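A.B. asks: Dumping the structure here so I can ask a few things about it.
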Amino acid sequence: MSYFRAENLSLHFGGLKAVDAVSFAVEKGEILSIIGPNGAGKSSIFNLISRIYRPTSGRIFFEDQDITEQPPYDIARLGIARTFQNIELFENATVLSNLLVGRHRHSTTQLWQELLFLPSVRANEKVHRRRVEQVIEFLDLEPYRDKLISGLPYGVRKVIELARALCSEPKLILLDEPSSGLNVEETSDMSFWIRDMKSELGVTVLMVEHDMSLVNRVSDRVIALNYGRVLAMGSPAEVQQHPDVVAAYLGA
Amino acid sequence: MRFLFKTDYEDDIRLFPHSGYFVSYGILLALLLIAPYVLSSYLMSQLVFVCIYATVGVALLILTGFTGQASLGHAAFLAIGAYTAAYLQKYNVPFPVYFLAAGALTGLIGALVGFPALRLQGIYLVIATISFAFIVEEILARWESVTNGNEGMRVKAVSLLGVTVSRDSPTFYFLCLAVLVLTIVGTLNLLRSPTGRAFVAIRDSETAARSMGINVALYKVKSFAISAAITGFAGVLFAHKLSFISPEMFTLQLSIEFIIVILIGGTFSLHGAVLGAIFIVMIDPFLTYLKDDMPGIIAGIAATFGAGSATAGNVQSKVAAFASLNGLKGAIYGIIIMLFVLFEPLGIYGRWLKIKLFFQLFPLYKRATFKRQKIYVKSERNR
């Protein structure tokens with residue numbers, strides 16, 4: 001059985017088939033990229049997995065568990081974290097507290113304990129902070145630790161979003177265009193981090209990406225989509241030479 | 001200027017980051033403790049109201065400032081707390097019991113209000129909470145067997161451990177102060193733990209909060225419940241301070257006053273609730289002063305500049321008529337809110353921080369330090 005599986009996933013908005021019977025599987029520990037022209041349904045698939053949209057039909061399995069009907073907040077608890085194409089950070093909070101929100105799925109304390117800030121809460125907080133510091137070190141975010149998000153440049157925010165997702169110690173991470181808005185150096189940093197995430201942290205990565213150089217550098221397999229349908233699946237080189245993919249991008 | 005070197009996770013967790021805090025808050029506490037033996041009884045009475053308003057302000061900050069759910073219904077929560085106290089007192093229930101019962105009941109009702117509020121955002125939530133406040137006001141006026149209707153209810157003095165605590169005594173002031181301090185400490189504890197961070201996350205991006213595993217609906221209801229419960233506690237003190245309560249005390253105007261408390265004080269920090277409470281409690285004596293003395297002063301100025309006694313008298317009566325216009329208080333509140341929203345959205349506390357930084361950095365303060373930061377457009381927000 002595959003680690004993560006989507007079966008005949010469909011999302012229709014009225015007559016528009018944003019995602020049309022898409023099936024794919026992600027193996028544990030691999031980096032799978034989804035590519036495709038604008039409007040191909042890439043981000044919609046992410047939104048289906050994180051349950052922001054409800055699929056019209058089809059099922060999603062993670063670790064052999066059907067998660068199609070899980071409420072959105074349970075998806076993170078199962079160990080699936082995500083980033084957003086247009087950064088969704090908590091603007092008026094510091095980087096540290098943004099990252100601590102990422103730890104939410106690991107918090108076990110009750111409201112009344114928190115009101116009194118009992119020793120158990122304090123101990124938990126320290127564990128959270130230790131984990132957050134590890135992520136900060138992993139992604140070189142030390143200079144920004146106590147800064148407010150609203151004052152940080154775009155490239156840094158992108159990394160912080162990745163950090164927040166990592167703080168939840170995910171098993172599977174969904175990256176929605178990790179390189180959009182980044183310059184060449186930042187993109188190459190991002191590619192190193194994505195590979196490190198796989199090799200050092202053992203995270204499985206599902207990624208939507210436009211930048212083919214990044215896709216080629218990091219992905220084990222690539223899926224090409226167009227008009228909500230799968231055009232091709234395979235290694236980066238195979239997919240790029242696939243006649244349907246070439247036609248979709250260049251128009252044949 | 002002080003630089004903090006963090007060497008321990010405790011450095012981020014503790015409430016007082018450095019020793020300077022102990023000095024300044026220690027002095028503040030000492031001043032508050034000797035206040036009843038120094039200040040006049042009028043000022044003490046005002047100080048008690050500051051404590052009560054500040055408690056409500058903290059409650060509203062939890063809901064509006066930190067969770068981002070606006071409410072214009074907090075007068076109703078205050079009323080529920082006050083009436084619970086007045087009603088239970090009739091049956092000789094001891095103070096600690098009805099104090100806690102009022103908080104619990106108000107918290108429960110707050111949670112119930114929270115449920116329909118889950119589907120509402122922004123202005124629609126404001127409308128829903130206003131309607132809730134009107135419903136409560138109407139129920140208080142009509143449910144005569146419990147609330148005595150429009151005749152109102154008398155509230156006897158607090159009886160604590162067999163001692164009667166008059167509403168003007170220092171003990172009552174200390175009681176209000178203790179409730180305020182406990183509320184602030186509890187809220188600060190909440191804000192440095194997962195629940196508080198979940199509130200802030202919901203305020204800034206519900207989508208992201210959800211994808212981080214936060215049950216947005218549950219936390220919104222929690223926020224409503226906590227905020228309402230604290231307001232209920234304040235309501236008990238409010239009832240005792242006034243010693244008489246009736247439905248027309250808990251109107252929309254009172255809810256607006258609570259919103260002013262946090263808007264003017266500053267919505268991002270608990271300091272704002274206290275500063276805003278001082279402002280709103282002290283504006284009343286100021287308005288009375290305007291009403292009583294201003295006409296005479298202006299007429300005097302007019303007379304000095306050569307106006308005849310007839311003209312001066314005319315001016316005096318016109319100014320007096322203006323000062324006692326019916327909607328003047330509301331209009332002044334409106335102007336104050338507008339000015340703050342336009343020119344100092346961070347409130348009095350935000351202004352204080354800027355002034356403090358100016359002196360800390362002197363002479364290196366840059367004018368653009370607090371210029372608005374560029375905000376990146378979120379084109380595809382998933383609500």
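Naming scheme: A, B, ... for chains in displayed order of the structure tokens; residues 1 onward per chain; ligands 1 onward as shown.
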Using only C-alpha atoms and a distance of at most 6 Å, pull out the residues of chain A that contact chain B, as a list of chain:residue names.
C.D. replies: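 Applying the cut-off to the listed atoms yields A:Tyr73, A:Asp74, A:Ala76, A:Arg77, A:Glu88, A:Phe90, A:Gly102, A:Arg105, A:Glu114, A:Leu115, A:Phe117.
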A.B. asks: Save out the residues we just selected, N, CA and C atoms, as an mmCIF file, in the first residue's frame.
C.D. replies:
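Below you can see selection_39.cif, which holds the result:
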data_model
loop_
_atom_site.group_PDB
_atom_site.id
_atom_site.type_symbol
_atom_site.label_atom_id
_atom_site.label_comp_id
_atom_site.auth_asym_id
_atom_site.auth_seq_id
_atom_site.Cartn_x
_atom_site.Cartn_y
_atom_site.Cartn_z
ATOM 1 N N TYR A 73 -9.030 20.612 10.720
ATOM 2 C CA TYR A 73 -8.011 20.719 11.762
ATOM 3 C C TYR A 73 -7.431 19.372 12.139
ATOM 4 N N ASP A 74 -8.119 18.278 11.761
ATOM 5 C CA ASP A 74 -7.581 16.953 12.060
ATOM 6 C C ASP A 74 -6.474 16.547 11.092
ATOM 7 N N ALA A 76 -3.927 18.235 10.138
ATOM 8 C CA ALA A 76 -2.618 18.558 10.723
ATOM 9 C C ALA A 76 -2.275 17.580 11.837
ATOM 10 N N ARG A 77 -3.290 17.182 12.601
ATOM 11 C CA ARG A 77 -3.022 16.262 13.715
ATOM 12 C C ARG A 77 -2.532 14.913 13.219
ATOM 13 N N GLU A 88 0.395 32.752 4.156
ATOM 14 C CA GLU A 88 -0.635 32.928 5.180
ATOM 15 C C GLU A 88 0.009 32.853 6.555
ATOM 16 N N PHE A 90 0.802 34.680 10.449
ATOM 17 C CA PHE A 90 0.080 35.496 11.414
ATOM 18 C C PHE A 90 0.827 36.817 11.529
ATOM 19 N N GLY A 102 2.731 26.469 15.069
ATOM 20 C CA GLY A 102 2.970 25.222 14.355
ATOM 21 C C GLY A 102 3.014 24.021 15.292
ATOM 22 N N ARG A 105 -0.435 21.105 17.313
ATOM 23 C CA ARG A 105 -0.968 19.746 17.336
ATOM 24 C C ARG A 105 -0.327 18.894 18.425
ATOM 25 N N GLU A 114 -3.738 26.253 31.797
ATOM 26 C CA GLU A 114 -3.059 27.379 31.164
ATOM 27 C C GLU A 114 -3.362 28.684 31.876
ATOM 28 N N LEU A 115 -4.603 28.825 32.378
ATOM 29 C CA LEU A 115 -4.957 30.044 33.104
ATOM 30 C C LEU A 115 -4.070 30.223 34.333
ATOM 31 N N PHE A 117 -1.124 28.727 34.584
ATOM 32 C CA PHE A 117 0.233 28.439 34.131
ATOM 33 C C PHE A 117 0.935 27.469 35.087
#
A.B. asks: List as a ChimeraX atom specification the protein and nucleic acid residues near Leu225 (chain A), meaning an atom at most 10 Å away when only C-alpha atoms are counted, but skip any in the same chain fewer than 6 places from it.
C.D. replies: /A:19,22,34-42,231-233,244-245,248
A.B. asks: Keeping only N, CA and C atoms, write the selected residues as a PDB file, in the first residue's frame.
C.D. replies:
ATOM      1  N   VAL A  19     -10.623  19.798 -10.836  1.00  0.00           N
ATOM      2  CA  VAL A  19      -9.856  18.564 -10.694  1.00  0.00           C
ATOM      3  C   VAL A  19     -10.763  17.458 -11.210  1.00  0.00           C
ATOM      4  N   VAL A  22      -8.481  12.619 -10.666  1.00  0.00           N
ATOM      5  CA  VAL A  22      -7.029  12.514 -10.540  1.00  0.00           C
ATOM      6  C   VAL A  22      -6.682  11.419  -9.535  1.00  0.00           C
ATOM      7  N   ILE A  34       4.151  18.353  -8.461  1.00  0.00           N
ATOM      8  CA  ILE A  34       3.034  18.476  -9.380  1.00  0.00           C
ATOM      9  C   ILE A  34       3.279  19.726 -10.211  1.00  0.00           C
ATOM     10  N   ILE A  35       3.336  19.563 -11.530  1.00  0.00           N
ATOM     11  CA  ILE A  35       3.528  20.733 -12.383  1.00  0.00           C
ATOM     12  C   ILE A  35       2.325  20.860 -13.310  1.00  0.00           C
ATOM     13  N   GLY A  36       2.263  21.979 -13.979  1.00  0.00           N
ATOM     14  CA  GLY A  36       1.173  22.184 -14.920  1.00  0.00           C
ATOM     15  C   GLY A  36       0.978  23.666 -15.145  1.00  0.00           C
ATOM     16  N   PRO A  37       0.342  24.029 -16.273  1.00  0.00           N
ATOM     17  CA  PRO A  37       0.100  25.446 -16.560  1.00  0.00           C
ATOM     18  C   PRO A  37      -0.858  26.054 -15.527  1.00  0.00           C
ATOM     19  N   ASN A  38      -1.010  27.382 -15.581  1.00  0.00           N
ATOM     20  CA  ASN A  38      -1.930  28.046 -14.658  1.00  0.00           C
ATOM     21  C   ASN A  38      -3.337  27.481 -14.809  1.00  0.00           C
ATOM     22  N   GLY A  39      -4.005  27.285 -13.683  1.00  0.00           N
ATOM     23  CA  GLY A  39      -5.383  26.809 -13.723  1.00  0.00           C
ATOM     24  C   GLY A  39      -5.487  25.322 -13.985  1.00  0.00           C
ATOM     25  N   ALA A  40      -4.378  24.602 -13.860  1.00  0.00           N
ATOM     26  CA  ALA A  40      -4.426  23.173 -14.141  1.00  0.00           C
ATOM     27  C   ALA A  40      -5.062  22.390 -12.994  1.00  0.00           C
ATOM     28  N   GLY A  41      -5.184  23.024 -11.829  1.00  0.00           N
ATOM     29  CA  GLY A  41      -5.804  22.328 -10.701  1.00  0.00           C
ATOM     30  C   GLY A  41      -4.817  21.888  -9.638  1.00  0.00           C
ATOM     31  N   LYS A  42      -3.583  22.429  -9.702  1.00  0.00           N
ATOM     32  CA  LYS A  42      -2.560  21.989  -8.758  1.00  0.00           C
ATOM     33  C   LYS A  42      -2.895  22.404  -7.329  1.00  0.00           C
ATOM     34  N   LEU A 231      -1.598  14.413 -17.102  1.00  0.00           N
ATOM     35  CA  LEU A 231      -1.072  14.226 -18.455  1.00  0.00           C
ATOM     36  C   LEU A 231       0.014  13.169 -18.446  1.00  0.00           C
ATOM     37  N   ALA A 232       0.900  13.268 -17.455  1.00  0.00           N
ATOM     38  CA  ALA A 232       2.030  12.346 -17.447  1.00  0.00           C
ATOM     39  C   ALA A 232       2.548  12.195 -16.038  1.00  0.00           C
ATOM     40  N   MET A 233       3.206  11.077 -15.776  1.00  0.00           N
ATOM     41  CA  MET A 233       3.758  10.816 -14.460  1.00  0.00           C
ATOM     42  C   MET A 233       5.077  10.084 -14.660  1.00  0.00           C
ATOM     43  N   ASP A 244       2.451  15.148 -24.606  1.00  0.00           N
ATOM     44  CA  ASP A 244       1.280  15.878 -24.109  1.00  0.00           C
ATOM     45  C   ASP A 244       1.687  17.070 -23.265  1.00  0.00           C
ATOM     46  N   VAL A 245       2.774  16.877 -22.459  1.00  0.00           N
ATOM     47  CA  VAL A 245       3.231  17.970 -21.595  1.00  0.00           C
ATOM     48  C   VAL A 245       3.774  19.103 -22.443  1.00  0.00           C
ATOM     49  N   ALA A 248       0.940  20.948 -23.886  1.00  0.00           N
ATOM     50  CA  ALA A 248       0.207  21.771 -22.928  1.00  0.00           C
ATOM     51  C   ALA A 248       0.927  23.079 -22.659  1.00  0.00           C
TER      52      ALA A 248
END
A.B. asks: Which residues come within 9 Å of Gln46 (chain B), counting only C-alpha atoms, excluding same-chain residues fewer than 3 positions away, as number ranges by chain?
C.D. replies: B: 41-43, 49-51, 278, 281-282
A.B. asks: Restrict the selected residues to N, CA and C atoms and save them as a short mmCIF file (atom, residue, chain, number, x, y, z; two decimals), in the first residue's frame.
C.D. replies:
data_model
loop_
_atom_site.label_atom_id
_atom_site.label_comp_id
_atom_site.auth_asym_id
_atom_site.auth_seq_id
_atom_site.Cartn_x
_atom_site.Cartn_y
_atom_site.Cartn_z
N SER B 41 -12.82 60.64 48.47
CA SER B 41 -13.76 59.55 48.25
C SER B 41 -14.29 59.58 46.82
N TYR B 42 -14.39 60.77 46.24
CA TYR B 42 -14.86 60.84 44.85
C TYR B 42 -13.87 60.14 43.91
N LEU B 43 -12.59 60.46 44.08
CA LEU B 43 -11.58 59.84 43.21
C LEU B 43 -11.52 58.33 43.44
N PHE B 49 -14.44 52.32 39.51
CA PHE B 49 -15.00 52.17 38.17
C PHE B 49 -13.91 51.87 37.15
N VAL B 50 -12.74 52.47 37.34
CA VAL B 50 -11.61 52.17 36.43
C VAL B 50 -11.31 50.67 36.50
N CYS B 51 -11.26 50.12 37.73
CA CYS B 51 -10.98 48.69 37.87
C CYS B 51 -12.02 47.86 37.14
N ILE B 278 -9.20 54.15 32.25
CA ILE B 278 -8.95 55.44 32.92
C ILE B 278 -9.54 56.57 32.08
N VAL B 281 -13.49 56.56 32.14
CA VAL B 281 -14.08 56.93 33.44
C VAL B 281 -13.84 58.40 33.72
N MET B 282 -12.70 58.91 33.26
CA MET B 282 -12.38 60.31 33.56
C MET B 282 -13.02 61.29 32.59
#
A.B. asks: CA of Phe192 (chain A) to CA of Val218 (chain A): how many Å, to one decimal?
C.D. replies: 8.2 Å
A.B. asks: Would you list, as a ChimeraX atom specification, the residues of region 50-277 of chain B that end up in helix (DSSP H, G or I) under DSSP run on this structure's backbone?
C.D. replies: /B:50-66,74-90,95-117,122-142,144-147,149-151,170-191,194-204,206-211,216-242,247-249,252-265,270-277
A.B. asks: Do you know which residues are at most 9 Å from region 66-76 of chain B counting only C-alpha atoms, after dropping those on the same chain fewer than 3 positions away, and could you put them as an MDAnalysis selection string?
C.D. replies: chainID B and resid 56 60:63 79:81 117 121:123 125:137 191 196:204 219:220 223:224 227:228 231 235 249:256 258:259 267:269
A.B. asks: Would you mind reading off the distance between CA of Tyr53 (chain B) and CA of Ser166 (chain B), one decimal, in Å?
C.D. replies: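 Going from CA of Tyr53 (chain B) over to CA of Ser166 (chain B), I get 19.6 Å.
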A.B. asks: Could you name the residues that touch Leu9 (chain A) at 9 Å or less, counting only C-alpha atoms, but leaving out those on the same chain fewer than 3 positions away, as a count of residues only?
C.D. replies: 14
A.B. asks: CA of Val205 (chain A) and CA of Ile80 (chain A) are how many Å apart?
C.D. replies: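 These two atoms are separated by 9.9 Å.
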